[in-house]
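Quick look at coords_4.txt (compact mmCIF, C-alpha atoms):
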```
# COMPACT_ATOMS: atom_id res chain seq x y z
CA MET A 30 0.00 0.00 0.00
CA ALA A 31 1.34 3.45 -0.91
CA LEU A 32 2.29 5.59 2.07
CA GLN A 33 -0.49 7.73 3.46
CA GLY A 34 -0.35 10.13 6.35
CA THR A 35 -2.91 12.04 8.35
CA CYS A 36 -1.93 14.99 10.50
CA ARG A 37 -3.27 15.91 13.89
CA GLU A 38 -2.06 18.50 16.32
CA ILE A 39 -1.81 18.33 20.07
CA ASN A 40 -0.82 21.70 21.47
CA ASP A 41 2.10 22.73 19.28
CA VAL A 42 3.09 19.21 18.27
CA ALA A 43 2.23 17.84 14.82
CA ILE A 44 1.66 14.09 14.80
CA ILE A 45 1.57 12.34 11.44
CA ASP A 46 -0.05 8.92 11.52
CA PHE A 47 1.46 7.02 8.63
CA SER A 48 0.34 3.77 7.06
CA GLY A 49 1.82 1.87 4.15
CA LYS A 50 5.37 1.41 2.93
CA ILE A 51 8.24 3.88 2.89
CA THR A 52 10.07 2.71 -0.21
CA LEU A 53 11.77 4.06 -3.31
CA GLY A 54 9.33 6.11 -5.32
CA GLU A 55 5.95 7.22 -4.04
CA GLY A 56 6.43 6.30 -0.40
CA SER A 57 9.67 8.18 0.01
CA SER A 58 8.25 11.14 -1.91
CA THR A 59 5.21 11.29 0.34
CA LEU A 60 7.38 11.34 3.44
CA ARG A 61 9.61 14.05 2.02
CA ARG A 62 6.67 16.18 0.95
CA THR A 63 4.91 15.77 4.29
CA ILE A 64 7.87 16.96 6.32
CA LYS A 65 8.53 19.86 3.98
CA GLU A 66 4.92 20.99 4.24
CA LEU A 67 5.02 20.81 8.01
CA ILE A 68 8.19 22.92 8.15
CA ASP A 69 6.76 25.39 5.64
CA LYS A 70 3.70 25.78 7.86
CA GLY A 71 5.92 26.58 10.80
CA HIS A 72 5.81 23.30 12.70
CA ARG A 73 8.93 22.61 14.70
CA LYS A 74 7.77 19.73 16.89
CA ILE A 75 6.99 16.73 14.77
CA VAL A 76 6.15 13.12 15.61
CA LEU A 77 6.07 10.48 12.90
CA ASN A 78 3.78 7.70 14.09
CA LEU A 79 4.94 4.59 12.23
CA TYR A 80 2.55 2.15 13.91
CA ASP A 81 1.17 1.04 10.56
CA VAL A 82 4.40 1.10 8.58
CA ASP A 83 5.76 -2.39 8.34
CA TYR A 84 8.09 -1.97 5.42
CA ILE A 85 10.91 0.41 4.67
CA ASP A 86 13.83 0.07 2.29
CA SER A 87 17.13 1.91 2.10
CA SER A 88 15.51 4.78 0.22
CA GLY A 89 12.89 5.11 2.93
CA ILE A 90 15.57 5.07 5.58
CA GLY A 91 17.40 7.77 3.66
CA GLU A 92 14.24 9.83 3.55
CA LEU A 93 13.79 9.50 7.32
CA VAL A 94 17.37 10.69 7.77
CA SER A 95 16.76 13.56 5.38
CA GLY A 96 13.63 14.50 7.32
CA TYR A 97 15.53 14.42 10.58
CA THR A 98 18.18 16.73 9.17
CA THR A 99 15.63 19.07 7.61
CA VAL A 100 13.78 19.48 10.89
CA ARG A 101 16.98 19.86 12.86
CA ASN A 102 18.28 22.52 10.48
CA ALA A 103 15.00 24.39 11.02
CA GLU A 104 15.79 24.23 14.74
CA GLY A 105 13.01 21.76 15.32
CA GLU A 106 12.71 18.25 16.73
CA LEU A 107 11.58 15.09 14.97
CA LYS A 108 10.62 11.96 16.86
CA LEU A 109 9.59 8.50 15.76
CA LEU A 110 6.74 6.70 17.46
CA HIS A 111 5.52 3.09 17.63
CA LEU A 112 8.09 1.38 15.42
CA THR A 113 7.13 -2.06 14.20
CA LYS A 114 9.66 -4.79 14.88
CA ARG A 115 10.97 -4.79 11.32
CA VAL A 116 11.49 -1.04 11.19
CA HIS A 117 12.97 -1.11 14.68
CA ASP A 118 15.45 -3.82 13.68
CA LEU A 119 16.43 -1.94 10.53
CA LEU A 120 17.15 1.24 12.43
CA GLN A 121 19.12 -0.77 14.93
CA ILE A 122 21.38 -2.57 12.45
CA THR A 123 22.02 0.67 10.57
CA ARG A 124 22.92 2.39 13.86
CA LEU A 125 20.21 4.97 13.26
CA PHE A 126 18.68 4.04 16.57
CA THR A 127 21.42 6.21 18.06
CA VAL A 128 20.36 9.14 15.87
CA PHE A 129 16.59 9.19 16.13
CA ASP A 130 14.58 9.84 19.25
CA VAL A 131 12.33 6.78 19.25
CA GLN A 132 9.33 6.76 21.53
CA SER A 133 7.03 3.89 22.42
CA ASP A 134 3.97 5.83 23.55
CA GLU A 135 2.43 9.07 22.45
CA GLU A 136 2.14 10.75 25.82
CA THR A 137 5.81 10.28 26.55
CA ALA A 138 6.66 11.52 23.06
CA LEU A 139 4.66 14.70 23.59
CA ARG A 140 6.27 15.37 26.96
CA SER A 141 9.77 14.79 25.62
CA PHE A 142 9.94 17.93 23.48
CA ARG A 143 12.15 20.69 24.78
CA MET B 12 19.66 -39.47 -8.55
CA ALA B 13 21.33 -36.16 -7.60
CA ALA B 14 18.99 -33.21 -7.18
CA LYS B 15 19.27 -30.75 -10.06
CA THR B 16 19.85 -27.06 -9.85
CA GLN B 17 16.94 -25.08 -11.19
CA ARG B 18 17.70 -21.79 -12.86
CA ILE B 19 15.45 -18.91 -13.76
CA GLU B 20 16.66 -15.95 -15.81
CA ILE B 21 14.74 -12.71 -15.89
CA THR B 22 15.45 -9.54 -17.84
CA LEU B 23 14.10 -6.45 -16.17
CA GLU B 24 13.62 -3.03 -17.62
CA THR B 25 15.36 -0.10 -15.96
CA LEU B 26 12.13 1.11 -14.42
CA LEU B 27 11.12 1.77 -10.87
CA GLU B 28 8.45 -0.91 -11.21
CA SER B 29 11.17 -3.51 -11.74
CA VAL B 30 12.19 -3.15 -8.10
CA ASP B 31 8.84 -4.38 -6.82
CA LEU B 32 8.61 -7.01 -9.54
CA ALA B 33 12.01 -8.52 -8.75
CA GLU B 34 11.19 -8.61 -5.06
CA VAL B 35 7.89 -10.38 -5.60
CA ILE B 36 9.41 -12.92 -7.99
CA VAL B 37 12.18 -13.89 -5.60
CA MET B 38 9.81 -14.07 -2.65
CA ARG B 39 7.49 -16.41 -4.53
CA ILE B 40 10.37 -18.68 -5.50
CA ALA B 41 11.71 -18.64 -1.98
CA GLU B 42 8.31 -19.55 -0.61
CA ALA B 43 8.01 -22.45 -3.03
CA ALA B 44 11.48 -23.60 -2.03
CA GLY B 45 10.44 -23.85 1.60
CA PHE B 46 12.18 -20.91 3.19
CA SER B 47 10.76 -19.52 6.41
CA GLU B 48 8.59 -16.39 6.38
CA GLU B 49 11.38 -14.37 7.93
CA ASP B 50 13.94 -15.58 5.39
CA ILE B 51 11.53 -14.88 2.55
CA HIS B 52 11.14 -11.31 3.81
CA LYS B 53 14.92 -10.88 4.11
CA MET B 54 15.54 -12.28 0.63
CA GLY B 55 12.89 -10.02 -0.81
CA MET B 56 14.47 -7.00 0.82
CA ALA B 57 17.97 -7.97 -0.29
CA VAL B 58 16.88 -8.41 -3.90
CA ARG B 59 14.94 -5.17 -3.70
CA GLU B 60 18.12 -3.38 -2.63
CA GLY B 61 20.08 -5.11 -5.36
CA VAL B 62 17.72 -4.00 -8.10
CA ILE B 63 17.57 -0.49 -6.64
CA ASN B 64 21.35 -0.45 -6.86
CA ALA B 65 21.26 -1.61 -10.47
CA TYR B 66 18.52 0.87 -11.36
CA ASN B 67 20.01 3.93 -9.65
CA TYR B 68 23.76 3.46 -9.67
CA GLY B 69 24.55 0.81 -12.27
CA ASN B 70 22.18 1.81 -15.02
CA GLN B 71 21.81 5.43 -13.87
CA GLN B 72 18.06 5.16 -14.55
CA ILE B 73 18.80 4.96 -18.28
CA ARG B 74 15.70 3.45 -19.81
CA ASP B 75 17.50 1.59 -22.62
CA LYS B 76 19.63 -0.41 -20.22
CA LYS B 77 18.54 -3.72 -18.73
CA ILE B 78 18.86 -5.45 -15.41
CA PHE B 79 19.51 -9.19 -15.55
CA MET B 80 18.42 -11.28 -12.61
CA THR B 81 19.17 -14.96 -12.22
CA VAL B 82 17.77 -17.20 -9.52
CA GLU B 83 19.40 -20.57 -8.96
CA LEU B 84 17.82 -23.05 -6.64
CA GLU B 85 20.17 -25.73 -5.36
CA PRO B 86 19.21 -28.42 -2.85
CA ASP B 87 20.74 -26.50 0.02
CA LYS B 88 20.62 -22.86 -1.06
CA MET B 89 19.26 -20.19 -3.33
CA ILE B 90 21.57 -17.91 -5.27
CA VAL B 91 20.35 -14.62 -6.72
CA ARG B 92 22.45 -12.61 -9.12
CA VAL B 93 21.64 -9.08 -10.22
CA LEU B 94 23.64 -7.72 -13.13
CA ASP B 95 23.47 -4.19 -14.46
CA GLN B 96 24.91 -2.56 -17.56
CA GLY B 97 26.95 0.05 -15.79
CA LYS B 98 30.66 0.38 -15.17
CA GLY B 99 31.00 -1.90 -12.19
CA PHE B 100 32.45 -0.98 -8.81
CA GLU B 101 34.58 -2.31 -5.96
CA LEU B 102 32.96 -3.01 -2.62
CA THR B 103 35.99 -1.51 -0.91
CA GLU B 104 35.22 1.85 -2.55
CA VAL B 105 31.82 2.10 -0.91
CA PRO B 106 31.76 4.22 2.27
CA ASP B 107 30.82 2.41 5.45
CA PRO B 108 27.29 3.55 6.33
CA LEU B 109 27.89 2.64 9.98
CA ALA B 110 30.82 5.02 10.35
CA GLU B 111 29.97 7.98 12.52
CA GLU B 112 30.66 10.48 9.76
CA ASN B 113 28.27 8.66 7.41
CA LEU B 114 25.28 8.09 9.68
CA LEU B 115 23.44 11.16 8.40
CA ARG B 116 24.00 10.35 4.76
CA THR B 117 20.72 9.90 2.95
CA SER B 118 22.01 7.09 0.73
CA GLY B 119 24.55 4.29 0.77
CA ARG B 120 22.90 1.63 2.91
CA GLY B 121 21.71 -0.75 0.21
CA LEU B 122 24.85 -2.87 -0.01
CA PHE B 123 25.10 -3.05 3.75
CA LEU B 124 21.51 -4.28 3.98
CA MET B 125 22.09 -6.94 1.32
CA ARG B 126 25.06 -8.23 3.27
CA ALA B 127 23.04 -8.16 6.49
CA PHE B 128 20.06 -10.04 5.10
CA MET B 129 21.83 -12.75 3.11
CA ASP B 130 24.19 -15.51 4.23
CA GLU B 131 26.72 -14.65 1.56
CA PHE B 132 27.15 -11.55 -0.55
CA ASN B 133 29.67 -10.45 -3.10
CA VAL B 134 30.15 -8.07 -5.99
CA HIS B 135 31.94 -8.83 -9.25
CA THR B 136 32.60 -6.76 -12.32
CA ALA B 137 31.16 -8.78 -15.19
CA PRO B 138 33.37 -9.58 -18.21
CA GLY B 139 31.30 -7.28 -20.40
CA GLY B 140 31.25 -4.57 -17.77
CA GLY B 141 28.56 -3.95 -15.24
CA ALA B 142 28.33 -4.91 -11.61
CA GLU B 143 27.04 -8.34 -10.70
CA LEU B 144 25.70 -8.69 -7.19
CA VAL B 145 25.67 -12.26 -5.94
CA MET B 146 23.64 -13.15 -2.88
CA VAL B 147 23.13 -16.53 -1.29
CA LYS B 148 20.62 -17.79 1.25
CA LYS B 149 21.01 -21.25 2.67
CA LEU B 150 18.03 -23.45 3.16
CA PRO B 151 17.72 -24.67 6.73
CA GLU B 152 18.74 -28.28 7.14
CA PRO B 153 15.76 -30.60 7.36
CA VAL B 154 15.06 -31.87 10.84
CA SER B 155 15.38 -35.65 10.82
CA GLY B 156 12.57 -37.46 12.57
CA ASN B 157 13.10 -40.00 15.33
CA GLY B 158 12.21 -43.32 13.78
CA SER B 159 11.56 -45.17 17.06
```

Write-out of the structure in structure tokens:
Amino acid sequence: MALQGTCREINDVAIIDFSGKITLGEGSSTLRRTIKELIDKGHRKIVLNLYDVDYIDSSGIGELVSGYTTVRNAEGELKLLHLTKRVHDLLQITRLFTVFDVQSDEETALRSFR
Amino acid sequence: MAAKTQRIEITLETLLESVDLAEVIVMRIAEAAGFSEEDIHKMGMAVREGVINAYNYGNQQIRDKKIFMTVELEPDKMIVRVLDQGKGFELTEVPDPLAEENLLRTSGRGLFLMRAFMDEFNVHTAPGGGAELVMVKKLPEPVSGNGS
């Protein structure tokens, strides 16, 4: 299934609930576009809820990294929420678990912003 | 009678759609061969990364070029080869994506993932040019039953 995301806001935090695959092509493009739009709208606290994302390839990982950098360069914070086991394992073996702030529940994620 | 090796050769177009197609083909073969669900997933991902590599880096997304995939099924393993029509490369030239200075790179993890998901992985430069990625997954040994 192509990546789809719906945005909701809690206080000043934008939470994107994604479902589908983050892979080369449409999925990666959707992720890139979503983050860019959020930054353009002035959001600086962003949570990507990946509860329903069970598949990501190297392009998708690259897009997550790009999103992280984009948000950081805009002096914002990007967090990942509810990783599935496969995505979790991928981020772990690529050492990106040390880069991203990964949260396991939404309330904690919301409280963790500076 | 010795078990035969079965060989399937597929020519893929240099199109984004070929990435999904190659992945599905290999996963179906792996399933038929009796690999576990987890191994099937890993093989699919590894082949996906291999074809992405051929599409993006080997063939530079040039539509006229082809990607040649071969699947060989031996009694104890499956070998997948992905050959592009590029210039070839040396594995040693590829930056380590796990190095601290490379962690925030947005590309360069495909080869690492292929090596991580498969039991064996290597890269050759084909005689006619082009990089050939060779990946091997071993079939688990059958559990022998207790005859008593």

Can I get the residues of chain B within 9 Å of chain A, each with the closest pair of atoms and their distance in Å to one decimal, using all atoms listed in the file, sorted chain first then ascending number, as a Markdown table?
```
| residue | atom | partner | partner_atom | distance |
| --- | --- | --- | --- | --- |
| B:Leu27 | CA | A:Gly54 | CA | 7.3 |
| B:Val30 | CA | A:Leu53 | CA | 8.7 |
| B:Met56 | CA | A:Asp86 | CA | 7.2 |
| B:Arg59 | CA | A:Asp86 | CA | 8.0 |
| B:Glu60 | CA | A:Ser87 | CA | 7.2 |
| B:Ile63 | CA | A:Leu53 | CA | 8.1 |
| B:Pro108 | CA | A:Thr123 | CA | 7.4 |
| B:Leu109 | CA | A:Thr123 | CA | 6.2 |
| B:Leu114 | CA | A:Leu125 | CA | 6.9 |
| B:Leu115 | CA | A:Val94 | CA | 6.1 |
| B:Arg116 | CA | A:Gly91 | CA | 7.2 |
| B:Thr117 | CA | A:Gly91 | CA | 4.0 |
| B:Ser118 | CA | A:Gly91 | CA | 5.5 |
| B:Gly119 | CA | A:Ser87 | CA | 7.9 |
| B:Arg120 | CA | A:Ser87 | CA | 5.8 |
| B:Gly121 | CA | A:Ser87 | CA | 5.6 |
| B:Phe123 | CA | A:Thr123 | CA | 8.4 |
| B:Leu124 | CA | A:Ser87 | CA | 7.8 |
| B:Ala127 | CA | A:Ile122 | CA | 8.3 |
```

### Task
State, in Å with one decimal place, the distance from atom CA of B:Glu152 to atom CA of B:Val37.
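Straight-line distance from atom CA of B:Glu152 to atom CA of B:Val37 works out to 20.3 Å.
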
If you count all atoms listed in the file, which residues fall within 12 Å of A:Asn40, apart from same-chain ones fewer than 6 positions away, as a PDB file with C-alpha atoms, keeping the file's coordinate frame?
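Below you can see result.pdb, which holds the result:
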```pdb
ATOM      1  CA  HIS A  72       5.810  23.300  12.700  1.00  0.00           C
ATOM      2  CA  ARG A  73       8.930  22.610  14.700  1.00  0.00           C
ATOM      3  CA  LYS A  74       7.770  19.730  16.890  1.00  0.00           C
ATOM      4  CA  ILE A  75       6.990  16.730  14.770  1.00  0.00           C
ATOM      5  CA  LEU A 139       4.660  14.700  23.590  1.00  0.00           C
ATOM      6  CA  ARG A 140       6.270  15.370  26.960  1.00  0.00           C
ATOM      7  CA  PHE A 142       9.940  17.930  23.480  1.00  0.00           C
TER       8      PHE A 142
END
```

### Query
What is the atom CA of B:Met89 to atom CA of B:Val147 distance in Å?
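Atom-to-atom, atom CA of B:Met89 to atom CA of B:Val147, that is 5.7 Å.
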
### Message
Nearest residue to B:Phe100 out of B:Phe132, B:Phe79, B:Tyr68, B:Phe46, using all atoms listed in the file?
### Response
B:Tyr68

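With all atoms listed in the file as the atoms that count, the residue of A:Asp118, A:Gln33, A:Phe126, A:Gln132 with the shortest distance to A:Ser57 is A:Gln33.
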
### Query
What is the distance, in Å and to one decimal place, between atom CA of B:Val91 and atom CA of B:Val145?
5.9 Å

### Task
Excluding B:Lys88 and residues on its chain fewer than 6 positions from it, collect all residues at most 6 Å away from it, counting all atoms listed in the file, and give them as a list in words.
Lys148, Lys149 and Leu150 of chain B

Keeping C-alpha atoms for every residue in the selection just given, could you write it to a file as a JSON list (two decimals), in the coordinates of the input?
```json
[["chain", "number", "residue", "atom", "x", "y", "z"],
["B", 148, "LYS", "CA", 20.62, -17.79, 1.25],
["B", 149, "LYS", "CA", 21.01, -21.25, 2.67],
["B", 150, "LEU", "CA", 18.03, -23.45, 3.16]]
```

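The nearest approach to B:Asp31 among the residues A:Leu32, A:Lys50, A:Ser141, A:Ile44, with all atoms listed in the file taken into account, belongs to A:Lys50.
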
Name the residues in contact with stretch 134-144 of chain B at a cut-off of 6 Å, using all atoms listed in the file, excluding same-chain residues fewer than 2 positions from it; report them as a tab-separated table (two decimals) with C-alpha atoms, keeping the file's coordinate frame.
```tsv
chain	number	residue	atom	x	y	z
B	92	ARG	CA	22.45	-12.61	-9.12
B	93	VAL	CA	21.64	-9.08	-10.22
B	94	LEU	CA	23.64	-7.72	-13.13
B	95	ASP	CA	23.47	-4.19	-14.46
B	96	GLN	CA	24.91	-2.56	-17.56
B	97	GLY	CA	26.95	0.05	-15.79
B	98	LYS	CA	30.66	0.38	-15.17
B	99	GLY	CA	31.00	-1.90	-12.19
```

Might I get the box with edges along x, y and z of the file that holds all atoms of stretch 64-77 of chain A listed there, padded by 5 Å on every side, given as centre and edge lengths in Å to one decimal, as JSON?
```
{"center_x": 6.3, "center_y": 18.5, "center_z": 10.4, "size_x": 15.2, "size_y": 26.1, "size_z": 22.9}
```

### Nearest residue to B:Leu102 from the set B:Met54, B:Leu122, B:Ile78, B:Leu26 (distances using all atoms listed in the file)
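Of B:Met54, B:Leu122, B:Ile78, B:Leu26, the one nearest B:Leu102, counting all atoms listed in the file, is B:Leu122.
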
### Task
Identify the residues within 10 Å of coordinate (4.2, 21.9, 12.2) (same frame as the file), considering all atoms listed in the file, and give the answer as an NGL selection string.
:A and (36-38 or 41-45 or 64-76 or 100 or 105)

Residues from the last selection, C-alpha atoms, saved as a short mmCIF file (atom, residue, chain, number, x, y, z; two decimals), keeping the file's coordinate frame:
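Output file result.cif follows:
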```cif
data_model
loop_
_atom_site.label_atom_id
_atom_site.label_comp_id
_atom_site.auth_asym_id
_atom_site.auth_seq_id
_atom_site.Cartn_x
_atom_site.Cartn_y
_atom_site.Cartn_z
CA CYS A 36 -1.93 14.99 10.50
CA ARG A 37 -3.27 15.91 13.89
CA GLU A 38 -2.06 18.50 16.32
CA ASP A 41 2.10 22.73 19.28
CA VAL A 42 3.09 19.21 18.27
CA ALA A 43 2.23 17.84 14.82
CA ILE A 44 1.66 14.09 14.80
CA ILE A 45 1.57 12.34 11.44
CA ILE A 64 7.87 16.96 6.32
CA LYS A 65 8.53 19.86 3.98
CA GLU A 66 4.92 20.99 4.24
CA LEU A 67 5.02 20.81 8.01
CA ILE A 68 8.19 22.92 8.15
CA ASP A 69 6.76 25.39 5.64
CA LYS A 70 3.70 25.78 7.86
CA GLY A 71 5.92 26.58 10.80
CA HIS A 72 5.81 23.30 12.70
CA ARG A 73 8.93 22.61 14.70
CA LYS A 74 7.77 19.73 16.89
CA ILE A 75 6.99 16.73 14.77
CA VAL A 76 6.15 13.12 15.61
CA VAL A 100 13.78 19.48 10.89
CA GLY A 105 13.01 21.76 15.32
#
```
